[in-house]
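Q: So that we are looking at the same thing, I have put the structure below in structure tokens.
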Amino acid sequence: MLMKHWLVKQEPGTYAWADLVKEGKTIWTGVRNYQARNNLRAMAKGDLVFFYHSGEEKQIVGLARVVEAAYPDPTAKEGDWVCVEIAPKKALAQPVSLVAVKSDRILKDMALAKNSRLSVTPVSEGQFARVLELGGTKV
């Protein structure tokens, strides 16, 4: 099966890349947007996930991997919501800012640039490679 690539967003004051690194893995809960939920459902074990700090920072800071595919979100009181488990793979050598994403010819069409409110988005193969290149990082 072909590996997919994703991006998840979080306020660093709520849950930062450093928290994920310290904990070793986390359950990505609390997603209450249908499109983002569908993206979580499409994630498979082994898929790679960019970790984006929203809020003040607005930059892609790390690369994680899915260690557990979608299952019912234990924080959901009602509805059909799911979560995944992710673990850190490596920090980007150089964070990639939202400004850089929006001004790059390959990245300007990323969901991150087009639909900034969506917390879980797919990343194409070309976009994935370009973010790694800008971030000075090899997988």
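FYI, nothing fancy with the structure tokens labels: chains A, B, ... in order, residues from 1 per chain, ligands from 1 as they appear.
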Need the shell around Ala91 of chain A: protein/DNA/RNA residues with any atom at most 10 Å away, counting only C-alpha atoms. Skip same-chain ones fewer than 5 positions apart. Format as a PyMOL selection string?
A: chain A and resi 17-18+21+50-51+60-64+135+137
Q: Could you save the residues just selected, with C-alpha atoms, as a short mmCIF file (atom, residue, chain, number, x, y, z; two decimals), in the first residue's frame?
A:
data_model
loop_
_atom_site.label_atom_id
_atom_site.label_comp_id
_atom_site.auth_asym_id
_atom_site.auth_seq_id
_atom_site.Cartn_x
_atom_site.Cartn_y
_atom_site.Cartn_z
CA TRP A 17 6.29 19.32 19.28
CA ALA A 18 8.48 19.21 22.41
CA VAL A 21 9.03 14.24 21.78
CA PHE A 50 4.15 17.03 9.56
CA PHE A 51 3.61 18.72 12.92
CA ILE A 60 6.09 23.27 10.38
CA VAL A 61 8.49 22.08 13.07
CA GLY A 62 8.58 18.29 13.05
CA LEU A 63 7.87 15.00 11.36
CA ALA A 64 5.87 12.27 13.09
CA GLY A 135 13.43 22.22 6.20
CA THR A 137 15.71 17.41 6.57
#
Q: Give me, as a PyMOL selection string, all polymer residues having an atom no more than 10 Å from Thr121 of chain A, counting only C-alpha atoms and skipping those fewer than 5 positions away in the same chain.
A: chain A and resi 5-9+35-40+49-50+110-112+115-116
Q: With N, CA and C atoms kept, could you save the residues just selected as an mmCIF file, in the first residue's frame?
A:
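Printed below is again_6.cif as written:
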data_model
loop_
_atom_site.group_PDB
_atom_site.id
_atom_site.type_symbol
_atom_site.label_atom_id
_atom_site.label_comp_id
_atom_site.auth_asym_id
_atom_site.auth_seq_id
_atom_site.Cartn_x
_atom_site.Cartn_y
_atom_site.Cartn_z
ATOM 1 N N HIS A 5 0.871 11.119 3.148
ATOM 2 C CA HIS A 5 1.491 12.128 3.989
ATOM 3 C C HIS A 5 0.423 13.108 4.467
ATOM 4 N N TRP A 6 0.640 13.650 5.656
ATOM 5 C CA TRP A 6 -0.362 14.473 6.312
ATOM 6 C C TRP A 6 0.293 15.635 7.034
ATOM 7 N N LEU A 7 -0.550 16.549 7.500
ATOM 8 C CA LEU A 7 -0.108 17.630 8.365
ATOM 9 C C LEU A 7 -1.162 17.798 9.455
ATOM 10 N N VAL A 8 -0.701 17.875 10.698
ATOM 11 C CA VAL A 8 -1.594 18.179 11.816
ATOM 12 C C VAL A 8 -1.145 19.502 12.422
ATOM 13 N N LYS A 9 -2.131 20.252 12.940
ATOM 14 C CA LYS A 9 -1.854 21.573 13.487
ATOM 15 C C LYS A 9 -2.222 21.599 14.957
ATOM 16 N N GLN A 35 -14.380 17.243 7.788
ATOM 17 C CA GLN A 35 -13.334 17.043 6.789
ATOM 18 C C GLN A 35 -12.041 16.559 7.459
ATOM 19 N N ALA A 36 -11.688 17.166 8.591
ATOM 20 C CA ALA A 36 -10.491 16.732 9.328
ATOM 21 C C ALA A 36 -10.670 15.304 9.840
ATOM 22 N N ARG A 37 -11.876 14.976 10.302
ATOM 23 C CA ARG A 37 -12.158 13.607 10.765
ATOM 24 C C ARG A 37 -11.959 12.610 9.635
ATOM 25 N N ASN A 38 -12.438 12.950 8.465
ATOM 26 C CA ASN A 38 -12.278 12.048 7.324
ATOM 27 C C ASN A 38 -10.804 11.865 6.971
ATOM 28 N N ASN A 39 -10.019 12.922 7.147
ATOM 29 C CA ASN A 39 -8.573 12.806 6.928
ATOM 30 C C ASN A 39 -7.952 11.882 7.964
ATOM 31 N N LEU A 40 -8.365 11.997 9.224
ATOM 32 C CA LEU A 40 -7.871 11.079 10.261
ATOM 33 C C LEU A 40 -8.203 9.636 9.890
ATOM 34 N N VAL A 49 3.652 12.361 9.068
ATOM 35 C CA VAL A 49 2.796 13.491 9.428
ATOM 36 C C VAL A 49 3.664 14.689 9.819
ATOM 37 N N PHE A 50 3.496 15.803 9.118
ATOM 38 C CA PHE A 50 4.150 17.026 9.557
ATOM 39 C C PHE A 50 3.416 17.578 10.768
ATOM 40 N N MET A 110 -0.930 23.932 -1.018
ATOM 41 C CA MET A 110 -1.169 23.035 0.129
ATOM 42 C C MET A 110 -2.445 23.460 0.842
ATOM 43 N N ALA A 111 -3.150 22.500 1.418
ATOM 44 C CA ALA A 111 -4.342 22.808 2.209
ATOM 45 C C ALA A 111 -3.989 23.771 3.343
ATOM 46 N N LEU A 112 -2.793 23.680 3.868
ATOM 47 C CA LEU A 112 -2.348 24.587 4.937
ATOM 48 C C LEU A 112 -2.466 26.040 4.487
ATOM 49 N N ASN A 115 -6.686 26.399 3.212
ATOM 50 C CA ASN A 115 -7.748 26.213 4.208
ATOM 51 C C ASN A 115 -7.105 26.175 5.587
ATOM 52 N N SER A 116 -6.705 27.338 6.053
ATOM 53 C CA SER A 116 -5.905 27.427 7.272
ATOM 54 C C SER A 116 -6.654 27.000 8.535
#
Q: Quick one: pull the distance between atom CA of Glu133 of chain A and atom CA of Glu56 of chain A, Å, one decimal.
A: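 About the pair atom CA of Glu133 of chain A and atom CA of Glu56 of chain A: they are 23.4 Å apart.
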Q: DSSP on the backbone: which residues in chain A end up as strand (DSSP E or B)? Give the answer as a ChimeraX atom specification.
A: /A:5-10,26-28,48-53,59-72,82-97,120-123
Q: Go ahead and write the residues just picked, C-alpha atoms, as a short mmCIF file (atom, residue, chain, number, x, y, z; two decimals), in the first residue's frame.
A:
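To be explicit, this is the file written out as result_0.cif:
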data_model
loop_
_atom_site.label_atom_id
_atom_site.label_comp_id
_atom_site.auth_asym_id
_atom_site.auth_seq_id
_atom_site.Cartn_x
_atom_site.Cartn_y
_atom_site.Cartn_z
CA HIS A 5 1.49 12.13 3.99
CA TRP A 6 -0.36 14.47 6.31
CA LEU A 7 -0.11 17.63 8.37
CA VAL A 8 -1.59 18.18 11.82
CA LYS A 9 -1.85 21.57 13.49
CA GLN A 10 -1.72 22.49 17.13
CA THR A 26 0.21 10.79 21.76
CA ILE A 27 -3.41 10.17 20.91
CA TRP A 28 -4.56 12.88 18.48
CA LEU A 48 4.27 10.35 7.87
CA VAL A 49 2.80 13.49 9.43
CA PHE A 50 4.15 17.03 9.56
CA PHE A 51 3.61 18.72 12.92
CA TYR A 52 2.65 22.39 12.54
CA HIS A 53 2.69 24.97 15.32
CA GLN A 59 5.55 26.95 11.12
CA ILE A 60 6.09 23.27 10.38
CA VAL A 61 8.49 22.08 13.07
CA GLY A 62 8.58 18.29 13.05
CA LEU A 63 7.87 15.00 11.36
CA ALA A 64 5.87 12.27 13.09
CA ARG A 65 4.49 8.92 12.02
CA VAL A 66 1.14 7.27 12.56
CA VAL A 67 1.58 4.38 15.00
CA GLU A 68 -2.12 3.51 15.37
CA ALA A 69 -4.76 4.05 12.67
CA ALA A 70 -8.12 5.67 13.38
CA TYR A 71 -10.31 4.39 16.20
CA PRO A 72 -13.17 5.97 18.20
CA VAL A 82 -12.05 9.33 15.64
CA CYS A 83 -8.46 9.76 16.74
CA VAL A 84 -5.08 8.36 15.72
CA GLU A 85 -1.86 7.82 17.61
CA ILE A 86 1.29 9.52 16.40
CA ALA A 87 4.92 9.31 17.51
CA PRO A 88 7.77 11.73 16.75
CA LYS A 89 10.21 10.80 14.00
CA LYS A 90 12.47 13.87 13.89
CA ALA A 91 12.42 17.64 14.19
CA LEU A 92 12.95 19.58 11.00
CA ALA A 93 16.49 20.95 10.89
CA GLN A 94 14.96 24.28 9.90
CA PRO A 95 11.25 25.05 10.62
CA VAL A 96 9.23 25.92 7.51
CA SER A 97 7.08 29.01 8.04
CA VAL A 120 -5.69 17.70 9.72
CA THR A 121 -4.82 17.87 6.03
CA PRO A 122 -3.33 15.66 3.32
CA VAL A 123 0.05 16.54 1.83
#
Q: Under the rule that only C-alpha atoms are counted, which of A:Leu98, A:Lys138, A:Glu11, A:Lys4 is the nearest residue to Gly46 of chain A?
A: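 Counting only C-alpha atoms, the residue closest to Gly46 of chain A is A:Lys4.
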Q: Between atom CA of Asp80 of chain A and atom CA of Thr14 of chain A, what is the distance in Å, rounded to a tenth?
A: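 Atom-to-atom, atom CA of Asp80 of chain A to atom CA of Thr14 of chain A, that is 23.9 Å.
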Q: Identify, with DSSP run on backbone atoms, the residues in chain A assigned to helix (DSSP H, G or I), and express the list as a PyMOL selection string.
A: chain A and resi 17-23+34-42+98-103+111-114+125-134
Q: Of the candidates A:Gly136, A:Arg130, A:Asp73, A:Lys102, which one gets nearest to Val31 of chain A if we count only C-alpha atoms?
A: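 So, comparing all the options, the nearest one is A:Asp73.
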Q: For a quick check of understanding, using only C-alpha atoms, which of A:Val99, A:Val131, A:Gly30, A:Glu125 has the smallest distance to Ala113 of chain A?
A: A:Val99
Q: Looking at A:Ala100, A:Gly13, A:Asp109, A:Leu118, which one is nearest to Leu134 of chain A, with distances taken over only C-alpha atoms?
A: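 Distance minimum relative to Leu134 of chain A lands on A:Ala100.
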Q: Between A:Ser54, A:Gln127, A:Arg105, A:Thr29, which one has atoms that come closest to Pro74 of chain A, using only C-alpha atoms?
A: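 Under the stated criterion, the closest residue is A:Thr29.
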Q: Separation of atom CA of Ala129 of chain A and atom CA of Lys114 of chain A, in Å?
A: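 Those two atoms sit 18.8 Å apart.
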